[in-house]
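Here the structure comes first, spelled out in C-alpha cells, and everything after it is commentary.
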Amino acid sequence: MSSVLQPASTGNEPSSGPSPAGEYRPVSSHLAIAPPVSVVIPAMNEAENLPYVFKTLPDWIHEVVLVDGNSTDDTVGVARELRPDVKVVEQRGKGKGDALITGFEACTGDIIVMVDADGSADGQEIVSYVCALVSGADFAKGSRFANGGGTDDMTFIRKLGNRALCAVVNRKFGARYTDLCYGYNAFWRHCLDRIDLDCTGFEVETLMNIRVVKAGLRVQEIPSHEYLRIHGVSNLRAVRDGLRVLRVILGERSNRRALRSRTHSPTLAPVGPVVPVVPARRQAS
C-alpha cells in the first residue's frame with residue numbers, strides 16, 4: 001500500500017479549500033498547507049506523559065483539543081502550562097469513544113488528527129497524515145504493520161488478535177487493511193457526517209475503520225511507529241477488548257456488493273480535487 005508523500009504543487013493554483021485564500025501554515029522550509037489542523041487528545045490522569053506528547057506536536061497545527069476524562073491528577077494544569085492556548089473539554093461520559101466524539105465536536109479545524117496521551121505516538125508523523133489528506137484521501141489511517149511502520153508495545157497475543165480481527169474486517173467489508181486497532185488517524189472533518197459514530201468504548205477505532213469503508217471514503221494507510229507508554233499502566237485488556245471489537249465487527253452489516261460497484265478503491269486514495277500544497281515563502285533575513 002502506497003505511503004509516499006505527494007510532491008508540492010507550483011503554488012500558482014487557486015485555493016479550493018474551505019480556508020480563506022492566502023492563509024497558509026508553514027510545515028517546513030519547502031511546504032505550507034491551507035487547511036487548519038486540529039489535534040484531539042483524550043486523556044485521563046496523563047499529567048506525566050503530556051510533556052512528551054506536546055513536545056512532539058508540530059508548531060504549525062491550528063489547535064490542540066484535550067478531552068479530560070475526569071482526571072484526579074494535574075492533567076489539565078500541565079496541559080495549560082505546556083500550551084496556554086490548549087482547548088480543554090470535559091468529557092461527558094466514559095470511555096475512549098465518548099472522549100473522542102466529545103473532542104471532535106469541539107474542533108474547529110478542517111482536518112482532525114487523533115493522538116493518544118500516553119506518549120506512544122510521535123507527533124512529527126502528523127505531516128505524513130496531512131499530506132495524504134491534501135493529496136486526495138478522505139481518511140488517513142495509521143498502520144503499525146504497513147511497510148515502514150512498527151510497534152514496541154504489542155505482545156505476541158495482541159499481534160495475533162489484531163491480525164485475526166483485521167482479516168475478518170477485510171473479508172467481510174472488502175477492505176485491505178494491514179492494521180485495525182490503532183488510534184493514530186486523521187481525516188477531513190466532513191467525514192464525521194458519513195460515519196455517524198455511536199460507540200463509547202475502545203472499539204471506536206475499529207468502528208471508524210469499518211464505516212469509512214462502508215461509506216466509500218478514500219482511505220490511505222500511513223506507516224506509523226508505536227512506542228511504549230512512558231508513564232502509568234494501560235487500561236487495555238487484550239481478551240476483554242478483543243471480544244468487544246469482535247462484537248462491533250459482527251454487528252456491522254456488510255455492503256460489499258455496493259462497494260464493488262464504486263469506481264475507486266476503498267483503501268487507496270486516488271488523485272482528485274485537493275486542497276493545494278504550495279511552497280512556503282522564506283522569511284526575509
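A note on labels: chains of the C-alpha cells are A, B, ... as shown, every chain counts residues from 1, and ligands are counted from 1 in their shown order.
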
Per residue of segment 36-62 of chain A within 7 Å of segment 121-136 of chain A, what are the shortest atom pair and its distance in Å to one decimal, counting only C-alpha atoms, with rows by chain and residue number, as a tab-separated table?
residue	atom	partner	partner_atom	distance
A:Thr56	CA	A:Gly123	CA	4.7
A:Leu57	CA	A:Gly123	CA	4.5
A:Pro58	CA	A:Gln124	CA	6.3

Those residues with C-alpha atoms, as a CSV table (one decimal), in the first residue's frame please?
chain,number,residue,atom,x,y,z
A,56,THR,CA,6.4,16.2,19.5
A,57,LEU,CA,3.4,18.2,18.2
A,58,PRO,CA,4.3,20.4,15.2

For this session: Using backbone DSSP assignments, extract all strand (DSSP E) residues from segment 3-175 of chain A; output them as a count of residues only.
Result: 32

For this session: Using only C-alpha atoms, determine which residues lie at most 9 Å from Asp179 of chain A, disregarding the query and same-chain residues fewer than 3 positions distant; provide the list as a ChimeraX atom specification.
Result: /A:141-146,162-163,166,182,221

Might you pull out every residue within 10 Å of segment 102-112 of chain A, with only C-alpha atoms counted and same-chain residues fewer than 5 positions away left off, and present them as a short mmCIF file (atom, residue, chain, number, x, y, z; two decimals) with C-alpha atoms, in the first residue's frame?
data_model
loop_
_atom_site.label_atom_id
_atom_site.label_comp_id
_atom_site.auth_asym_id
_atom_site.auth_seq_id
_atom_site.Cartn_x
_atom_site.Cartn_y
_atom_site.Cartn_z
CA GLY A 17 -10.33 24.54 0.28
CA PRO A 18 -12.60 26.00 2.93
CA SER A 19 -9.89 28.17 4.47
CA ALA A 34 -4.06 25.91 3.78
CA PRO A 35 -6.48 23.81 5.90
CA PRO A 36 -6.28 24.29 9.69
CA VAL A 37 -5.42 21.11 11.59
CA SER A 38 -6.98 20.19 14.96
CA VAL A 39 -5.36 17.55 17.19
CA VAL A 40 -7.64 15.71 19.61
CA ILE A 41 -6.03 14.11 22.67
CA PRO A 42 -8.25 12.11 25.05
CA ILE A 61 -1.11 22.91 13.89
CA HIS A 62 -4.17 25.09 14.36
CA GLU A 63 -5.33 23.86 17.78
CA VAL A 64 -4.97 21.16 20.40
CA VAL A 65 -8.19 19.86 21.95
CA LEU A 66 -7.58 18.00 25.21
CA VAL A 67 -10.54 15.92 26.38
CA ASP A 68 -10.19 15.39 30.11
CA LYS A 87 -8.73 23.92 24.35
CA VAL A 88 -9.77 21.80 27.35
CA VAL A 89 -13.08 19.95 27.11
CA GLU A 90 -14.57 17.97 29.98
CA GLN A 91 -15.71 14.50 28.98
CA ARG A 92 -19.43 13.98 29.46
CA GLY A 93 -19.49 10.20 29.79
CA LYS A 96 -12.40 6.40 24.74
CA GLY A 97 -15.12 6.55 22.12
CA TYR A 129 -1.16 12.11 7.58
CA VAL A 130 -1.89 15.66 6.48
CA LEU A 133 -5.30 14.10 3.05
CA VAL A 134 -4.45 17.17 0.99
CA ASP A 138 -10.56 11.36 2.96
CA PHE A 139 -9.18 9.28 5.82
CA ASN A 185 -5.63 8.51 12.48
CA ALA A 186 -6.53 11.72 10.65
CA PHE A 187 -9.45 12.75 8.47
CA TRP A 188 -11.33 15.64 6.94
CA ARG A 189 -13.95 16.94 9.32
CA HIS A 190 -16.77 16.33 6.83
CA CYS A 191 -16.17 12.56 7.18
CA LEU A 192 -17.91 12.63 10.57
#

Problem set entry | Sel. of alpha helix (DSSP H) residues, segment 61-154 of chain A, as number ranges by chain | A: 75-82, 96-106, 126-134

Problem set entry | Residue among A:Ile210, A:Leu243, A:Val76, A:Leu31 lying closest to Ala164 of chain A, counting only C-alpha atoms | A:Leu243

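Excluding Gly149 of chain A itself and same-chain residues fewer than 5 positions from it, the residues having an atom within 6 Å of it are Arg144, Pro223, Ser224 and His225 of chain A, counting only C-alpha atoms.
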
Problem set entry | Nearest to Asp193 of chain A, chosen from A:Leu217, A:Met44, A:Val168, A:Cys181, with only C-alpha atoms counted in the distances |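 For Asp193 of chain A, the nearest of the given residues is A:Leu217.
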
For this session: Go through A:Thr75, A:Asn49, A:Thr200, A:Ser120 one by one, measure the shortest atom-to-atom distance of each to Ile101 of chain A using only C-alpha atoms, and give the residue with the smallest value.
Result: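 When distances to Ile101 of chain A are compared using only C-alpha atoms, the smallest one comes from A:Thr200.
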
Exercise. Nearest to Ala167 of chain A: which of A:Leu50, A:Leu82, A:Ile195, A:Leu246 is it, counting only C-alpha atoms?
Worked result: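 Nearest candidate to Ala167 of chain A out of A:Leu50, A:Leu82, A:Ile195, A:Leu246: A:Leu246.
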
For this session: Calculate how many Å separate atom CA of Tyr177 of chain A from atom CA of Met208 of chain A, rounding to one decimal.
Result: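 Spanning atom CA of Tyr177 of chain A to atom CA of Met208 of chain A is a straight-line distance of 12.6 Å.
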
Problem set entry | Using only C-alpha atoms: which of A:Leu197, A:Leu180, A:Val78, A:Glu46 has the shortest distance to Gly161 of chain A | A:Leu180

For this session: May I have the residues within 10 Å of Glu252 of chain A as a list in words, using only C-alpha atoms and disregarding those fewer than 5 positions away in the same chain?
Result: Val169, Lys172, Phe173, Leu207, Ile210, Arg211, Lys214 and Arg247 of chain A

Dump as an mmCIF file, in the first residue's frame, selection limited to N, CA, C and O atoms:
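The result, stored in out27.cif:
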data_model
loop_
_atom_site.group_PDB
_atom_site.id
_atom_site.type_symbol
_atom_site.label_atom_id
_atom_site.label_comp_id
_atom_site.auth_asym_id
_atom_site.auth_seq_id
_atom_site.Cartn_x
_atom_site.Cartn_y
_atom_site.Cartn_z
ATOM 1 N N VAL A 169 -12.389 -8.195 9.126
ATOM 2 C CA VAL A 169 -12.891 -6.939 8.558
ATOM 3 C C VAL A 169 -12.620 -6.885 7.056
ATOM 4 O O VAL A 169 -13.484 -6.510 6.262
ATOM 5 N N LYS A 172 -15.034 -9.356 5.332
ATOM 6 C CA LYS A 172 -16.457 -9.030 5.436
ATOM 7 C C LYS A 172 -16.814 -7.746 4.722
ATOM 8 O O LYS A 172 -17.903 -7.626 4.141
ATOM 9 N N PHE A 173 -15.899 -6.766 4.734
ATOM 10 C CA PHE A 173 -16.235 -5.445 4.196
ATOM 11 C C PHE A 173 -15.448 -5.073 2.941
ATOM 12 O O PHE A 173 -15.574 -3.960 2.437
ATOM 13 N N LEU A 207 -14.642 0.662 14.718
ATOM 14 C CA LEU A 207 -15.887 1.121 14.110
ATOM 15 C C LEU A 207 -15.614 2.174 13.043
ATOM 16 O O LEU A 207 -16.221 2.162 11.963
ATOM 17 N N ILE A 210 -14.267 0.538 9.880
ATOM 18 C CA ILE A 210 -15.308 -0.171 9.135
ATOM 19 C C ILE A 210 -16.213 0.816 8.399
ATOM 20 O O ILE A 210 -16.503 0.653 7.214
ATOM 21 N N ARG A 211 -16.625 1.852 9.086
ATOM 22 C CA ARG A 211 -17.615 2.751 8.488
ATOM 23 C C ARG A 211 -17.042 3.648 7.394
ATOM 24 O O ARG A 211 -17.784 4.067 6.508
ATOM 25 N N LYS A 214 -17.420 1.365 4.456
ATOM 26 C CA LYS A 214 -18.827 1.243 4.072
ATOM 27 C C LYS A 214 -19.337 2.514 3.403
ATOM 28 O O LYS A 214 -20.201 2.453 2.525
ATOM 29 N N ARG A 247 -17.475 -8.024 18.569
ATOM 30 C CA ARG A 247 -18.919 -7.767 18.577
ATOM 31 C C ARG A 247 -19.274 -6.597 17.657
ATOM 32 O O ARG A 247 -20.307 -6.617 16.979
#

Problem set entry | Gap from atom CA of Gly69 of chain A to atom CA of Glu48 of chain A - Å, one decimal |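 Computed distance, atom CA of Gly69 of chain A to atom CA of Glu48 of chain A, equals 15.3 Å.
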
Problem set entry | A:Ala79, A:Asp59, A:Arg240, A:Arg253 ranked by distance to Val213 of chain A, top pick (using only C-alpha atoms) | A:Arg253
